[in-house]
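**Student:** Input file: start03.pdb. Contents: PDB, C-alpha atoms.
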```pdb
MODEL        1
ATOM      1  CA  GLY A  14     -14.068 -27.063  -3.226  1.00  0.00           C
ATOM      2  CA  ALA A  15     -16.199 -24.445  -4.859  1.00  0.00           C
ATOM      3  CA  ALA A  16     -17.863 -21.955  -2.579  1.00  0.00           C
ATOM      4  CA  ARG A  17     -21.651 -22.100  -2.402  1.00  0.00           C
ATOM      5  CA  GLY A  18     -24.251 -19.649  -1.161  1.00  0.00           C
ATOM      6  CA  PRO A  19     -22.986 -16.622   0.758  1.00  0.00           C
ATOM      7  CA  CYS A  20     -19.462 -18.060   0.799  1.00  0.00           C
ATOM      8  CA  ARG A  21     -19.241 -17.669  -2.948  1.00  0.00           C
ATOM      9  CA  GLY A  22     -18.097 -14.071  -2.686  1.00  0.00           C
ATOM     10  CA  ALA A  23     -19.392 -11.538  -0.220  1.00  0.00           C
ATOM     11  CA  LEU A  24     -19.142 -13.319   3.133  1.00  0.00           C
ATOM     12  CA  PRO A  25     -15.443 -14.280   3.030  1.00  0.00           C
ATOM     13  CA  ILE A  26     -14.502 -10.839   1.743  1.00  0.00           C
ATOM     14  CA  ALA A  27     -16.602  -9.189   4.476  1.00  0.00           C
ATOM     15  CA  MET A  28     -14.842 -11.350   7.082  1.00  0.00           C
ATOM     16  CA  VAL A  29     -11.419 -10.346   5.756  1.00  0.00           C
ATOM     17  CA  VAL A  30     -12.421  -6.663   5.722  1.00  0.00           C
ATOM     18  CA  LEU A  31     -13.735  -6.852   9.289  1.00  0.00           C
ATOM     19  CA  LEU A  32     -10.521  -8.489  10.479  1.00  0.00           C
ATOM     20  CA  SER A  33      -8.464  -5.715   8.876  1.00  0.00           C
ATOM     21  CA  PHE A  34     -10.487  -3.165  10.854  1.00  0.00           C
ATOM     22  CA  MET A  35      -8.566  -4.125  13.989  1.00  0.00           C
ATOM     23  CA  PHE A  36      -6.145  -1.409  12.868  1.00  0.00           C
ATOM     24  CA  LEU A  37      -8.828   1.329  12.810  1.00  0.00           C
ATOM     25  CA  PRO A  38      -7.841   2.694  16.250  1.00  0.00           C
ATOM     26  CA  CYS A  39      -4.527   3.685  14.632  1.00  0.00           C
ATOM     27  CA  VAL A  40      -6.404   6.352  12.691  1.00  0.00           C
ATOM     28  CA  THR A  41      -7.011   8.288  15.910  1.00  0.00           C
ATOM     29  CA  TYR A  42      -3.301   8.653  16.715  1.00  0.00           C
ATOM     30  CA  SER A  43      -2.661  12.372  16.450  1.00  0.00           C
ATOM     31  CA  GLU A  44       1.063  12.450  17.148  1.00  0.00           C
ATOM     32  CA  TRP A  45       3.741  12.550  14.503  1.00  0.00           C
ATOM     33  CA  TYR A  46       6.273   9.761  14.942  1.00  0.00           C
ATOM     34  CA  ILE A  47      10.015  10.085  14.434  1.00  0.00           C
ATOM     35  CA  ASP A  48      10.633   9.960  10.674  1.00  0.00           C
ATOM     36  CA  GLU A  49       7.153  11.195   9.738  1.00  0.00           C
ATOM     37  CA  LEU A  50       8.152  14.768  10.508  1.00  0.00           C
ATOM     38  CA  PHE A  51      10.923  14.558   7.920  1.00  0.00           C
ATOM     39  CA  ALA A  52       9.052  12.434   5.357  1.00  0.00           C
ATOM     40  CA  ALA A  53       5.611  14.060   5.419  1.00  0.00           C
ATOM     41  CA  VAL A  54       5.604  17.334   7.363  1.00  0.00           C
ATOM     42  CA  ARG A  55       8.911  19.082   6.605  1.00  0.00           C
ATOM     43  CA  ASN A  56       9.285  17.636   3.106  1.00  0.00           C
ATOM     44  CA  ALA A  57       8.230  20.168   0.452  1.00  0.00           C
ATOM     45  CA  ASP A  58       7.682  17.297  -2.002  1.00  0.00           C
ATOM     46  CA  ALA A  59       5.176  15.646   0.342  1.00  0.00           C
ATOM     47  CA  ARG A  60       3.386  18.954   0.899  1.00  0.00           C
ATOM     48  CA  GLY A  61       2.884  19.345  -2.852  1.00  0.00           C
ATOM     49  CA  GLU A  62       5.208  22.346  -3.130  1.00  0.00           C
ATOM     50  CA  SER A  63       7.525  20.728  -5.695  1.00  0.00           C
ATOM     51  CA  SER A  64       7.075  19.996  -9.367  1.00  0.00           C
ATOM     52  CA  LEU A  65       6.724  16.417 -10.540  1.00  0.00           C
ATOM     53  CA  ARG A  66      10.203  16.642 -12.021  1.00  0.00           C
ATOM     54  CA  GLN A  67      11.618  17.672  -8.634  1.00  0.00           C
ATOM     55  CA  VAL A  68       9.780  14.872  -6.843  1.00  0.00           C
ATOM     56  CA  LEU A  69      11.226  12.385  -9.329  1.00  0.00           C
ATOM     57  CA  SER A  70      14.752  13.701  -8.728  1.00  0.00           C
ATOM     58  CA  HIS A  71      14.564  13.678  -4.920  1.00  0.00           C
ATOM     59  CA  ASP A  72      14.878  10.889  -2.392  1.00  0.00           C
ATOM     60  CA  PHE A  73      12.053   9.982  -0.002  1.00  0.00           C
ATOM     61  CA  TRP A  74      13.066  12.738   2.380  1.00  0.00           C
ATOM     62  CA  GLY A  75      13.106  15.533  -0.244  1.00  0.00           C
ATOM     63  CA  ASN A  76      16.889  15.673  -0.760  1.00  0.00           C
ATOM     64  CA  SER A  77      18.271  15.889  -4.268  1.00  0.00           C
ATOM     65  CA  LEU A  78      19.705  12.624  -5.523  1.00  0.00           C
ATOM     66  CA  TRP A  79      22.106  14.285  -7.947  1.00  0.00           C
ATOM     67  CA  ASP A  80      23.591  17.507  -6.530  1.00  0.00           C
ATOM     68  CA  GLY A  81      26.339  15.806  -4.530  1.00  0.00           C
ATOM     69  CA  GLY A  82      24.797  16.612  -1.153  1.00  0.00           C
ATOM     70  CA  TRP A  83      23.741  14.111   1.457  1.00  0.00           C
ATOM     71  CA  THR A  84      20.952  11.755   0.483  1.00  0.00           C
ATOM     72  CA  HIS A  85      19.480   8.671   2.060  1.00  0.00           C
ATOM     73  CA  LYS A  86      19.173   7.154  -1.455  1.00  0.00           C
ATOM     74  CA  SER A  87      15.677   5.848  -0.671  1.00  0.00           C
ATOM     75  CA  TYR A  88      13.646   6.467  -3.804  1.00  0.00           C
ATOM     76  CA  ARG A  89       9.863   6.312  -3.242  1.00  0.00           C
ATOM     77  CA  PRO A  90       8.235   8.912  -5.502  1.00  0.00           C
ATOM     78  CA  LEU A  91       4.803   7.219  -5.565  1.00  0.00           C
ATOM     79  CA  VAL A  92       4.627   7.341  -1.778  1.00  0.00           C
ATOM     80  CA  VAL A  93       5.665  11.002  -1.721  1.00  0.00           C
ATOM     81  CA  LEU A  94       3.073  11.784  -4.412  1.00  0.00           C
ATOM     82  CA  SER A  95       0.411   9.992  -2.353  1.00  0.00           C
ATOM     83  CA  TYR A  96       1.255  12.265   0.601  1.00  0.00           C
ATOM     84  CA  ALA A  97       1.037  15.330  -1.648  1.00  0.00           C
ATOM     85  CA  TYR A  98      -2.304  14.193  -3.039  1.00  0.00           C
ATOM     86  CA  GLN A  99      -3.710  13.728   0.457  1.00  0.00           C
ATOM     87  CA  TYR A 100      -2.267  17.079   1.497  1.00  0.00           C
ATOM     88  CA  ALA A 101      -4.179  18.704  -1.385  1.00  0.00           C
ATOM     89  CA  LEU A 102      -7.384  16.792  -0.540  1.00  0.00           C
ATOM     90  CA  ASN A 103      -7.171  18.083   3.036  1.00  0.00           C
ATOM     91  CA  GLY A 104      -7.142  21.684   1.861  1.00  0.00           C
ATOM     92  CA  GLY A 105      -3.438  22.221   2.446  1.00  0.00           C
ATOM     93  CA  LEU A 106      -3.500  20.833   5.975  1.00  0.00           C
ATOM     94  CA  ILE A 107      -1.329  17.886   6.767  1.00  0.00           C
ATOM     95  CA  ARG A 108      -2.639  15.889   9.674  1.00  0.00           C
ATOM     96  CA  PRO A 109      -1.674  12.351  10.624  1.00  0.00           C
ATOM     97  CA  GLN A 110      -5.217  10.964  10.939  1.00  0.00           C
ATOM     98  CA  PRO A 111      -6.197  11.099   7.225  1.00  0.00           C
ATOM     99  CA  LEU A 112      -2.782   9.740   6.259  1.00  0.00           C
ATOM    100  CA  ARG A 113      -3.178   6.835   8.673  1.00  0.00           C
ATOM    101  CA  ALA A 114      -6.750   6.256   7.445  1.00  0.00           C
ATOM    102  CA  PHE A 115      -5.356   5.829   3.931  1.00  0.00           C
ATOM    103  CA  ASN A 116      -2.823   3.316   5.273  1.00  0.00           C
ATOM    104  CA  VAL A 117      -5.635   1.307   6.920  1.00  0.00           C
ATOM    105  CA  ALA A 118      -7.703   1.412   3.715  1.00  0.00           C
ATOM    106  CA  LEU A 119      -4.718   0.296   1.649  1.00  0.00           C
ATOM    107  CA  HIS A 120      -4.027  -2.581   4.057  1.00  0.00           C
ATOM    108  CA  THR A 121      -7.697  -3.605   3.830  1.00  0.00           C
ATOM    109  CA  ALA A 122      -7.454  -3.557   0.031  1.00  0.00           C
ATOM    110  CA  ASN A 123      -4.312  -5.724   0.226  1.00  0.00           C
ATOM    111  CA  SER A 124      -6.112  -8.224   2.430  1.00  0.00           C
ATOM    112  CA  VAL A 125      -8.993  -8.508  -0.045  1.00  0.00           C
ATOM    113  CA  LEU A 126      -6.583  -8.741  -2.979  1.00  0.00           C
ATOM    114  CA  LEU A 127      -4.755 -11.566  -1.216  1.00  0.00           C
ATOM    115  CA  TYR A 128      -8.057 -13.424  -0.830  1.00  0.00           C
ATOM    116  CA  ARG A 129      -8.681 -12.947  -4.571  1.00  0.00           C
ATOM    117  CA  VAL A 130      -5.160 -14.174  -5.452  1.00  0.00           C
ATOM    118  CA  LEU A 131      -5.633 -17.272  -3.304  1.00  0.00           C
ATOM    119  CA  ARG A 132      -9.051 -18.032  -4.813  1.00  0.00           C
ATOM    120  CA  ARG A 133      -7.708 -17.454  -8.326  1.00  0.00           C
ATOM    121  CA  ASN A 134      -5.080 -20.076  -7.597  1.00  0.00           C
ATOM    122  CA  ARG A 135      -7.841 -22.532  -6.675  1.00  0.00           C
ATOM    123  CA  THR A 136      -7.352 -22.371  -2.919  1.00  0.00           C
ATOM    124  CA  PRO A 137     -10.607 -23.521  -1.264  1.00  0.00           C
ATOM    125  CA  TRP A 138     -12.554 -20.521  -0.004  1.00  0.00           C
ATOM    126  CA  ARG A 139     -12.168 -21.527   3.671  1.00  0.00           C
ATOM    127  CA  TRP A 140      -8.377 -21.654   3.417  1.00  0.00           C
ATOM    128  CA  ALA A 141      -8.255 -18.503   1.308  1.00  0.00           C
ATOM    129  CA  CYS A 142     -10.393 -16.717   3.887  1.00  0.00           C
ATOM    130  CA  LEU A 143      -8.208 -18.013   6.725  1.00  0.00           C
ATOM    131  CA  GLY A 144      -4.996 -16.968   4.968  1.00  0.00           C
ATOM    132  CA  ALA A 145      -6.255 -13.518   4.006  1.00  0.00           C
ATOM    133  CA  GLY A 146      -7.852 -13.097   7.437  1.00  0.00           C
ATOM    134  CA  LEU A 147      -4.567 -13.868   9.191  1.00  0.00           C
ATOM    135  CA  PHE A 148      -2.809 -11.461   6.854  1.00  0.00           C
ATOM    136  CA  ALA A 149      -5.463  -8.820   7.636  1.00  0.00           C
ATOM    137  CA  CYS A 150      -5.077  -8.928  11.406  1.00  0.00           C
ATOM    138  CA  HIS A 151      -1.477 -10.024  11.896  1.00  0.00           C
ATOM    139  CA  PRO A 152       0.408  -7.579  14.133  1.00  0.00           C
ATOM    140  CA  VAL A 153       3.464  -7.625  11.854  1.00  0.00           C
ATOM    141  CA  HIS A 154       1.584  -5.136   9.649  1.00  0.00           C
ATOM    142  CA  SER A 155       1.010  -2.603  12.429  1.00  0.00           C
ATOM    143  CA  GLU A 156       4.239  -0.725  11.743  1.00  0.00           C
ATOM    144  CA  ASN A 157       3.339  -0.182   8.094  1.00  0.00           C
ATOM    145  CA  ILE A 158      -0.098   1.105   9.075  1.00  0.00           C
ATOM    146  CA  ILE A 159       0.728   3.260  12.080  1.00  0.00           C
ATOM    147  CA  TYR A 160       3.950   4.787  10.766  1.00  0.00           C
ATOM    148  CA  LEU A 161       3.477   6.742   7.568  1.00  0.00           C
ATOM    149  CA  VAL A 162       6.945   5.901   6.287  1.00  0.00           C
ATOM    150  CA  GLY A 163       5.783   2.265   6.132  1.00  0.00           C
ATOM    151  CA  ARG A 164       3.384   3.141   3.339  1.00  0.00           C
ATOM    152  CA  ALA A 165       6.035   2.178   0.786  1.00  0.00           C
ATOM    153  CA  ASP A 166       5.792  -1.476   1.843  1.00  0.00           C
ATOM    154  CA  THR A 167       2.000  -1.458   1.773  1.00  0.00           C
ATOM    155  CA  MET A 168       1.957   0.171  -1.665  1.00  0.00           C
ATOM    156  CA  ALA A 169       4.526  -2.335  -2.950  1.00  0.00           C
ATOM    157  CA  THR A 170       2.354  -5.184  -1.662  1.00  0.00           C
ATOM    158  CA  PHE A 171      -0.652  -3.644  -3.417  1.00  0.00           C
ATOM    159  CA  CYS A 172       1.208  -3.497  -6.738  1.00  0.00           C
ATOM    160  CA  TRP A 173       2.493  -7.064  -6.409  1.00  0.00           C
ATOM    161  CA  LEU A 174      -0.951  -8.438  -5.614  1.00  0.00           C
ATOM    162  CA  LEU A 175      -2.425  -6.577  -8.591  1.00  0.00           C
ATOM    163  CA  ALA A 176       0.359  -7.945 -10.779  1.00  0.00           C
ATOM    164  CA  LEU A 177      -0.423 -11.472  -9.598  1.00  0.00           C
ATOM    165  CA  LEU A 178      -4.113 -10.981 -10.347  1.00  0.00           C
ATOM    166  CA  THR A 179      -3.406  -9.732 -13.853  1.00  0.00           C
ATOM    167  CA  TRP A 180      -0.861 -12.453 -14.646  1.00  0.00           C
ATOM    168  CA  PRO A 181      -2.314 -15.152 -16.903  1.00  0.00           C
ATOM    169  CA  MET A 182      -2.900 -18.518 -15.282  1.00  0.00           C
ATOM    170  CA  GLN A 183      -0.611 -21.269 -16.485  1.00  0.00           C
ATOM    171  CA  GLY A 184      -2.323 -23.353 -19.113  1.00  0.00           C
ATOM    172  CA  SER A 185      -4.977 -20.742 -19.878  1.00  0.00           C
ATOM    173  CA  GLY A 186      -3.975 -20.943 -23.537  1.00  0.00           C
ATOM    174  CA  SER A 187      -4.497 -17.274 -24.304  1.00  0.00           C
ATOM    175  CA  ARG A 188      -1.729 -14.830 -25.089  1.00  0.00           C
ATOM    176  CA  PRO A 189      -2.149 -11.470 -23.389  1.00  0.00           C
ATOM    177  CA  ALA A 190      -1.991  -8.253 -25.385  1.00  0.00           C
ATOM    178  CA  SER A 191       1.285  -6.334 -25.183  1.00  0.00           C
ATOM    179  CA  GLY A 192      -0.424  -3.560 -23.186  1.00  0.00           C
ATOM    180  CA  SER A 193      -1.471  -5.977 -20.460  1.00  0.00           C
ATOM    181  CA  ARG A 194       2.031  -7.494 -20.420  1.00  0.00           C
ATOM    182  CA  MET A 195       3.482  -4.016 -19.908  1.00  0.00           C
ATOM    183  CA  LEU A 196       0.995  -3.349 -17.095  1.00  0.00           C
ATOM    184  CA  ARG A 197       2.031  -6.554 -15.299  1.00  0.00           C
ATOM    185  CA  VAL A 198       5.721  -5.718 -15.624  1.00  0.00           C
ATOM    186  CA  LEU A 199       5.088  -2.177 -14.375  1.00  0.00           C
ATOM    187  CA  LEU A 200       3.089  -3.435 -11.386  1.00  0.00           C
ATOM    188  CA  ALA A 201       5.708  -6.052 -10.570  1.00  0.00           C
ATOM    189  CA  THR A 202       8.474  -3.467 -10.459  1.00  0.00           C
TER     190      THR A 202
ENDMDL
END
```
How does this structure look as structure tokens?
**Tutor:**
Amino acid sequence: GAARGPCRGALPIAMVVLLSFMFLPCVTYSEWYIDELFAAVRNADARGESSLRQVLSHDFWGNSLWDGGWTHKSYRPLVVLSYAYQYALNGGLIRPQPLRAFNVALHTANSVLLYRVLRRNRTPWRWACLGAGLFACHPVHSENIIYLVGRADTMATFCWLLALLTWPMQGSGSRPASGSRMLRVLLAT
């Protein structure tokens, strides 16, 4: 049923946030892992040394998609731009700890968004809290939090959850404006 008292909003969200903090020790990992050296450290796009146009024409690893050379064909410009933004925020230093901290924060946001999606779909608060709490602390997410190259999955989850929250409920009777329809389509893709 409807949540009453502290369960109406803050307490379940606080529980979900606390459960997602089980990944906080990952922030202290100071080593670069396998693909991170190529994706975040040696990649000029990720270091913010490339123009936006170049970033948009390169694969995830910084290789040109169109010059006929070798490319992995993995296209993740938003992830690369997030690395570059963090690189700039850190004064030109690229260290794994702030990048991992962002991954933990993004996972926490996803956990809270999942709770909101479940509540919006009329899931009782206890079940919504249980579902989002299990999502928050499930070990299957550790790879996407610890390894920086997993950020693409976490960012995709974030966009999908936002798209679900902005999608009109069936039977709401209101037609969304074309701008909000475009936003939902953009988030869903």
**Student:** So which residues touch segment 40-45 of chain A within 7 Å, counting all atoms listed in the file, skipping near sequence neighbours fewer than 3 positions away, as a PyMOL selection string?
**Tutor:** chain A and resi 37+49-50+109-110+113-114
**Student:** Of the residues A:Ile26, A:Leu178, A:Ile107, A:Val117, which is the one nearest to Arg55 of chain A, using all atoms listed in the file?
**Tutor:**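 Of the candidates, the smallest distance to Arg55 of chain A is held by A:Ile107.
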**Student:** Measuring between all atoms listed in the file, which one of A:Leu143, A:Val130, A:Trp83, A:Phe51 shows the shortest distance to Ala176 of chain A?
**Tutor:**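 Between A:Leu143, A:Val130, A:Trp83, A:Phe51, the residue approaching Ala176 of chain A most closely is A:Val130.
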**Student:** Calculated over only C-alpha atoms, which of the candidates A:Pro38, A:Gly146, A:Pro25, A:Gly61 has the smallest distance to Ala97 of chain A?
**Tutor:**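 Among the listed residues, A:Gly61 lies closest to Ala97 of chain A.
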**Student:** Name the residues that the PyMOL selection byres ((chain A and resi 120) around 8) pulls out of this structure, and write them as a tab-separated table (two decimals) with C-alpha atoms, keeping the file's coordinate frame.
**Tutor:**
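Heads up, here's the output in selection09.tsv:
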```tsv
chain	number	residue	atom	x	y	z
A	33	SER	CA	-8.46	-5.72	8.88
A	116	ASN	CA	-2.82	3.32	5.27
A	117	VAL	CA	-5.64	1.31	6.92
A	118	ALA	CA	-7.70	1.41	3.72
A	119	LEU	CA	-4.72	0.30	1.65
A	121	THR	CA	-7.70	-3.60	3.83
A	122	ALA	CA	-7.45	-3.56	0.03
A	123	ASN	CA	-4.31	-5.72	0.23
A	124	SER	CA	-6.11	-8.22	2.43
A	149	ALA	CA	-5.46	-8.82	7.64
A	158	ILE	CA	-0.10	1.10	9.07
A	167	THR	CA	2.00	-1.46	1.77
```
**Student:** One number please: atom CA of Trp180 of chain A to atom CA of Leu91 of chain A, in Å, one decimal.
**Tutor:**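 We find that atom CA of Trp180 of chain A and atom CA of Leu91 of chain A lie 22.4 Å from each other.
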**Student:** Which centre and edge lengths in Å to one decimal define the box along x, y and z that fits every listed atom of segment 174-180 of chain A plus 8 Å per side, as JSON?
**Tutor:**
```
{"center_x": -1.9, "center_y": -9.5, "center_z": -10.1, "size_x": 20.5, "size_y": 21.9, "size_z": 25.0}
```
